[in-house]
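Okay, structure first, notes after.
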Amino acid sequence: MEPVVPKDLLLPLPAPSWLLTVLLLLSFALHILFVNLMLGGSLLALIAEIRGLKNRDWDKISHEIAKTITVNKSIAVVLGVAPLLTISVLYTVWFYTATTLTGHTWLAVVPLVILAFLLSYAHKYSWEKLAHSKGLHITLAAAASAVFLIIPLIFLTEINLMLYPEQWRAIASFWDALFLSNVLPRYFHFIAATVALAGLFCAWYFGRAKYFAGLQLETLTRAEVVRSFYAVALAATSAQLFFGPLLFLTLPAHVISASVILILVVILLLAGIAIRWLWLEVAGTGGEPRLARIGGILTVVVVLMIWARHDIRETAIAPHRALVAAKTADYTAKMMQAHNYLVMPGGLGGTVLSPGAQAFSRRCASCHAMDSRLIGPPLKEAAALYRGNPEGIVTWALQPGRRRPDYPPMPPQQVPRDELLQIANYIVDTVTKQ
């Protein structure tokens, strides 16, 4: 299918493209970190509260996780502005086309975000009031988590659509875009990463000795709680070994570059190391705590994934970007041609007029035409009188007389002599060529 090829905006970028790219990647990394903590925290708080029906210690843990969700939510929203603006500047044609094609569903992100926030606040601040209505309270947590899960699916569908200009003609709604080949694998890959990061965060959060002592749990020890969250991180990270290759295999072949393959190989190696360390923590193997090392290696993995994502996007749209640039150049040339024609009327197809023609258009065209009578006689007659003598026309224009009674007398022209000579040469040359 032939891709839609619109023209680009005729505006320069507000900063060098390399700088905007760096800002995009950095701001997105910070934004996605807190999105993961918000969404992953929401899911873990829900699971912990359900476990709290049998063990009240998990209910306390769930309450502590819920307190972090609204904080991480606020930070995620603030940090989301920069990547959203930067991507719309760097990839204007692709971003706005994708958002237009996904239509009302894309616009629904705003009310969905508001709803998710209200539900998370209601869940957080109704803990004591609904202590004896756990079914309703857990329903609030489940509803907040469900809305939080929908929002990134919309974002991923829209961003993914940017990579497929050849599919734009076939996209009639969000649902068409949702079922492009790699949207759902990409979404499940994201969810697994979210849970892994949130599990690792909670292992650190509840692993602080003084903080944990303040919780006054009845049956659970700090080591048990920490190992539980390490187990969550281990399971989610291990799931990436399935979702990662699945995502890779569902990408279109033309977006796969040698650099992406190299990055993915490194990611798999690092993920293997992280999984081994997580397993040792879950098993309670002695030795120094590995949290810092696990966090460091997974940070490198996330950075490499963000870079691979950028590489795939650039490779995917490069051919289409060249088509857009060619169409934009053609449009610019035609626009300038039309502009020139309007500014300097008389040129054929917008051809730039000579200085004499331009001066004639400004000074003489209101009274004289080449072949027909206006206020003054046709210039063909004047050119016949002064053939080969443009200076004669200049002299006449400066001190005109009255040769024909059927025309009004011409007033002396207050025009510089060199400009009059350009007009005279234009008149003589034009008549000679006719």
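Every chain in the structure tokens takes a letter, A first, then B, and so on in the order presented; its residues are numbered from 1, and the ligands are numbered from 1 following the presented order.
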Using only C-alpha atoms, determine which residues lie at most 7 Å from region 219-236 of chain A, disregarding the query and same-chain residues fewer than 5 positions distant; provide the list as a compact mmCIF listing (two decimals) with C-alpha atoms, in the first residue's frame.
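The new file result_6.txt reads:
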```
# COMPACT_ATOMS: atom_id res chain seq x y z
CA ASP A 57 0.02 -7.45 57.68
CA ALA A 192 6.07 -6.78 32.73
CA ALA A 193 8.76 -4.09 32.99
CA VAL A 195 5.78 -4.80 37.60
CA ALA A 196 9.50 -5.68 37.74
CA LEU A 197 10.49 -2.12 38.57
CA GLY A 199 8.72 -4.99 42.79
CA LEU A 200 12.33 -3.87 43.01
CA CYS A 202 9.12 -2.14 47.10
CA ALA A 203 12.00 -4.47 48.03
CA PHE A 206 10.20 -2.08 52.84
CA GLY A 207 13.78 -3.21 53.31
CA PHE A 212 9.88 -1.41 58.59
CA ILE A 275 17.66 -12.69 36.91
CA LEU A 278 17.21 -11.79 41.84
CA TRP A 279 16.97 -15.55 42.24
CA GLU A 281 17.87 -12.82 46.77
CA VAL A 282 14.60 -14.79 46.64
```
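If you count only C-alpha atoms and ignore residues fewer than 5 places along the chain from Phe243 (chain A), what sits within 12 Å of it is Asn182, Val183, Leu184, Pro185, Arg186, Tyr187, Phe188, His189, Phe190, Ile191, Ala192, Ala193, Ala236, Thr237, Ser238, Phe248, Leu249, Thr250 and Leu268 of chain A.
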Generate a file of the selected residues that holds N, CA and C atoms, formatted as a PDB file, in the first residue's frame.
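Everything below was put into selection_33.pdb:
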```pdb
ATOM      1  N   ASN A 182       2.510  -5.385  16.269  1.00  0.00           N
ATOM      2  CA  ASN A 182       3.334  -5.447  17.487  1.00  0.00           C
ATOM      3  C   ASN A 182       2.838  -4.574  18.631  1.00  0.00           C
ATOM      4  N   VAL A 183       1.584  -4.109  18.563  1.00  0.00           N
ATOM      5  CA  VAL A 183       1.084  -3.254  19.642  1.00  0.00           C
ATOM      6  C   VAL A 183       0.923  -4.050  20.939  1.00  0.00           C
ATOM      7  N   LEU A 184       0.208  -5.161  20.890  1.00  0.00           N
ATOM      8  CA  LEU A 184      -0.050  -5.929  22.110  1.00  0.00           C
ATOM      9  C   LEU A 184       1.222  -6.549  22.690  1.00  0.00           C
ATOM     10  N   PRO A 185       2.134  -7.126  21.864  1.00  0.00           N
ATOM     11  CA  PRO A 185       3.404  -7.585  22.449  1.00  0.00           C
ATOM     12  C   PRO A 185       4.173  -6.453  23.130  1.00  0.00           C
ATOM     13  N   ARG A 186       4.143  -5.292  22.521  1.00  0.00           N
ATOM     14  CA  ARG A 186       4.832  -4.142  23.115  1.00  0.00           C
ATOM     15  C   ARG A 186       4.177  -3.740  24.434  1.00  0.00           C
ATOM     16  N   TYR A 187       2.858  -3.831  24.479  1.00  0.00           N
ATOM     17  CA  TYR A 187       2.125  -3.467  25.693  1.00  0.00           C
ATOM     18  C   TYR A 187       2.432  -4.441  26.822  1.00  0.00           C
ATOM     19  N   PHE A 188       2.400  -5.744  26.556  1.00  0.00           N
ATOM     20  CA  PHE A 188       2.680  -6.735  27.601  1.00  0.00           C
ATOM     21  C   PHE A 188       4.142  -6.658  28.060  1.00  0.00           C
ATOM     22  N   HIS A 189       5.025  -6.323  27.133  1.00  0.00           N
ATOM     23  CA  HIS A 189       6.427  -6.104  27.494  1.00  0.00           C
ATOM     24  C   HIS A 189       6.543  -4.930  28.470  1.00  0.00           C
ATOM     25  N   PHE A 190       5.786  -3.883  28.214  1.00  0.00           N
ATOM     26  CA  PHE A 190       5.786  -2.707  29.086  1.00  0.00           C
ATOM     27  C   PHE A 190       5.214  -3.049  30.460  1.00  0.00           C
ATOM     28  N   ILE A 191       4.122  -3.793  30.512  1.00  0.00           N
ATOM     29  CA  ILE A 191       3.504  -4.144  31.790  1.00  0.00           C
ATOM     30  C   ILE A 191       4.451  -4.992  32.633  1.00  0.00           C
ATOM     31  N   ALA A 192       5.125  -5.946  31.989  1.00  0.00           N
ATOM     32  CA  ALA A 192       6.073  -6.778  32.725  1.00  0.00           C
ATOM     33  C   ALA A 192       7.205  -5.931  33.301  1.00  0.00           C
ATOM     34  N   ALA A 193       7.704  -4.981  32.507  1.00  0.00           N
ATOM     35  CA  ALA A 193       8.758  -4.092  32.989  1.00  0.00           C
ATOM     36  C   ALA A 193       8.260  -3.235  34.158  1.00  0.00           C
ATOM     37  N   ALA A 236       8.490 -11.035  36.932  1.00  0.00           N
ATOM     38  CA  ALA A 236       8.235 -10.079  35.850  1.00  0.00           C
ATOM     39  C   ALA A 236       9.430  -9.960  34.917  1.00  0.00           C
ATOM     40  N   THR A 237      10.644  -9.953  35.473  1.00  0.00           N
ATOM     41  CA  THR A 237      11.849  -9.869  34.643  1.00  0.00           C
ATOM     42  C   THR A 237      12.008 -11.128  33.794  1.00  0.00           C
ATOM     43  N   SER A 238      11.696 -12.274  34.382  1.00  0.00           N
ATOM     44  CA  SER A 238      11.763 -13.523  33.622  1.00  0.00           C
ATOM     45  C   SER A 238      10.740 -13.525  32.490  1.00  0.00           C
ATOM     46  N   PHE A 248      10.211  -8.381  19.364  1.00  0.00           N
ATOM     47  CA  PHE A 248      11.190  -8.296  18.279  1.00  0.00           C
ATOM     48  C   PHE A 248      10.677  -8.993  17.020  1.00  0.00           C
ATOM     49  N   LEU A 249      10.077 -10.159  17.195  1.00  0.00           N
ATOM     50  CA  LEU A 249       9.619 -10.951  16.040  1.00  0.00           C
ATOM     51  C   LEU A 249       8.402 -10.335  15.358  1.00  0.00           C
ATOM     52  N   THR A 250       7.655  -9.495  16.055  1.00  0.00           N
ATOM     53  CA  THR A 250       6.473  -8.877  15.447  1.00  0.00           C
ATOM     54  C   THR A 250       6.775  -7.516  14.820  1.00  0.00           C
ATOM     55  N   LEU A 268      19.821  -8.953  26.600  1.00  0.00           N
ATOM     56  CA  LEU A 268      19.569 -10.328  27.041  1.00  0.00           C
ATOM     57  C   LEU A 268      20.649 -10.811  28.010  1.00  0.00           C
TER      58      LEU A 268
END
```
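When the distance limit is 7 Å and only C-alpha atoms are what count, the residues near region 310-322 of chain A, minus those fewer than 4 positions from it on the same chain, are Leu163, His254, Val255, Ile256, Val260, Ile306 and Ala326 of chain A.
Proximity to Ala325 (chain A) was assessed for A:Met305, A:Ile375, A:Leu9, A:Ile114 counting only C-alpha atoms; the smallest distance is recorded for A:Leu9.
If you look at CA of Tyr407 (chain A) and CA of Gly376 (chain A), they are 6.3 Å away from each other.
CA of Ala146 (chain A) to CA of Trp94 (chain A) spans 28.7 Å [interatomic distance, one decimal].
Shortest separation to Leu304 (chain A) among A:Leu24, A:Tyr426, A:Ala271, A:Gly52 occurs at residue A:Ala271, atoms counted being only C-alpha atoms.
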Next on the checklist: Just the number, please: distance in Å from CA of Val89 (chain A) to CA of Pro3 (chain A), one decimal.
Outcome noted: 21.3 Å
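For Thr157 (chain A), the non-local neighbours within 9 Å, defined as residues at least 3 positions apart in the same chain or in other chains and counting only C-alpha atoms, are Ala98, Thr102, Pro152, Leu153, Ile154, Asn160, Leu161, Phe174, Ala177, Leu178, Phe179, Leu180, Val183, Leu184 and Tyr187 of chain A.
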Just write the chosen residues, C-alpha atoms, as a PDB file, in the first residue's frame.
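Contents of the output file part_0.pdb:
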```pdb
ATOM      1  CA  ALA A  98      -1.284   9.212  14.395  1.00  0.00           C
ATOM      2  CA  THR A 102      -6.838   7.463  16.682  1.00  0.00           C
ATOM      3  CA  PRO A 152      -0.603   3.322  28.391  1.00  0.00           C
ATOM      4  CA  LEU A 153      -2.376   1.046  25.898  1.00  0.00           C
ATOM      5  CA  ILE A 154      -3.773   4.141  24.175  1.00  0.00           C
ATOM      6  CA  ASN A 160       3.254   2.718  17.375  1.00  0.00           C
ATOM      7  CA  LEU A 161       1.049   4.014  14.549  1.00  0.00           C
ATOM      8  CA  PHE A 174      -8.256   3.388  17.317  1.00  0.00           C
ATOM      9  CA  ALA A 177      -4.409   0.775  15.067  1.00  0.00           C
ATOM     10  CA  LEU A 178      -4.623  -1.380  18.203  1.00  0.00           C
ATOM     11  CA  PHE A 179      -4.397  -4.600  16.213  1.00  0.00           C
ATOM     12  CA  LEU A 180      -1.318  -3.716  14.192  1.00  0.00           C
ATOM     13  CA  VAL A 183       1.084  -3.254  19.642  1.00  0.00           C
ATOM     14  CA  LEU A 184      -0.050  -5.929  22.110  1.00  0.00           C
ATOM     15  CA  TYR A 187       2.125  -3.467  25.693  1.00  0.00           C
TER      16      TYR A 187
END
```
Next on the checklist: Need the shell around Leu25 (chain A): protein/DNA/RNA residues with any atom at most 10 Å away, counting only C-alpha atoms. Skip same-chain ones fewer than 6 positions apart. Format as a list in words?
Outcome noted: His31, Pro83, Thr86, Ile87, Val303, Ile306, Trp307, Arg309 and His310 of chain A
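Excluding Ala131 (chain A) and any residue on its chain fewer than 6 positions from it, the residues at most 12 Å away by only C-alpha atoms are Glu49, Gly52, Leu53, Arg56, Asp59, Lys60, His63, His123, Lys124, Tyr125, His137 and Ile138 of chain A.
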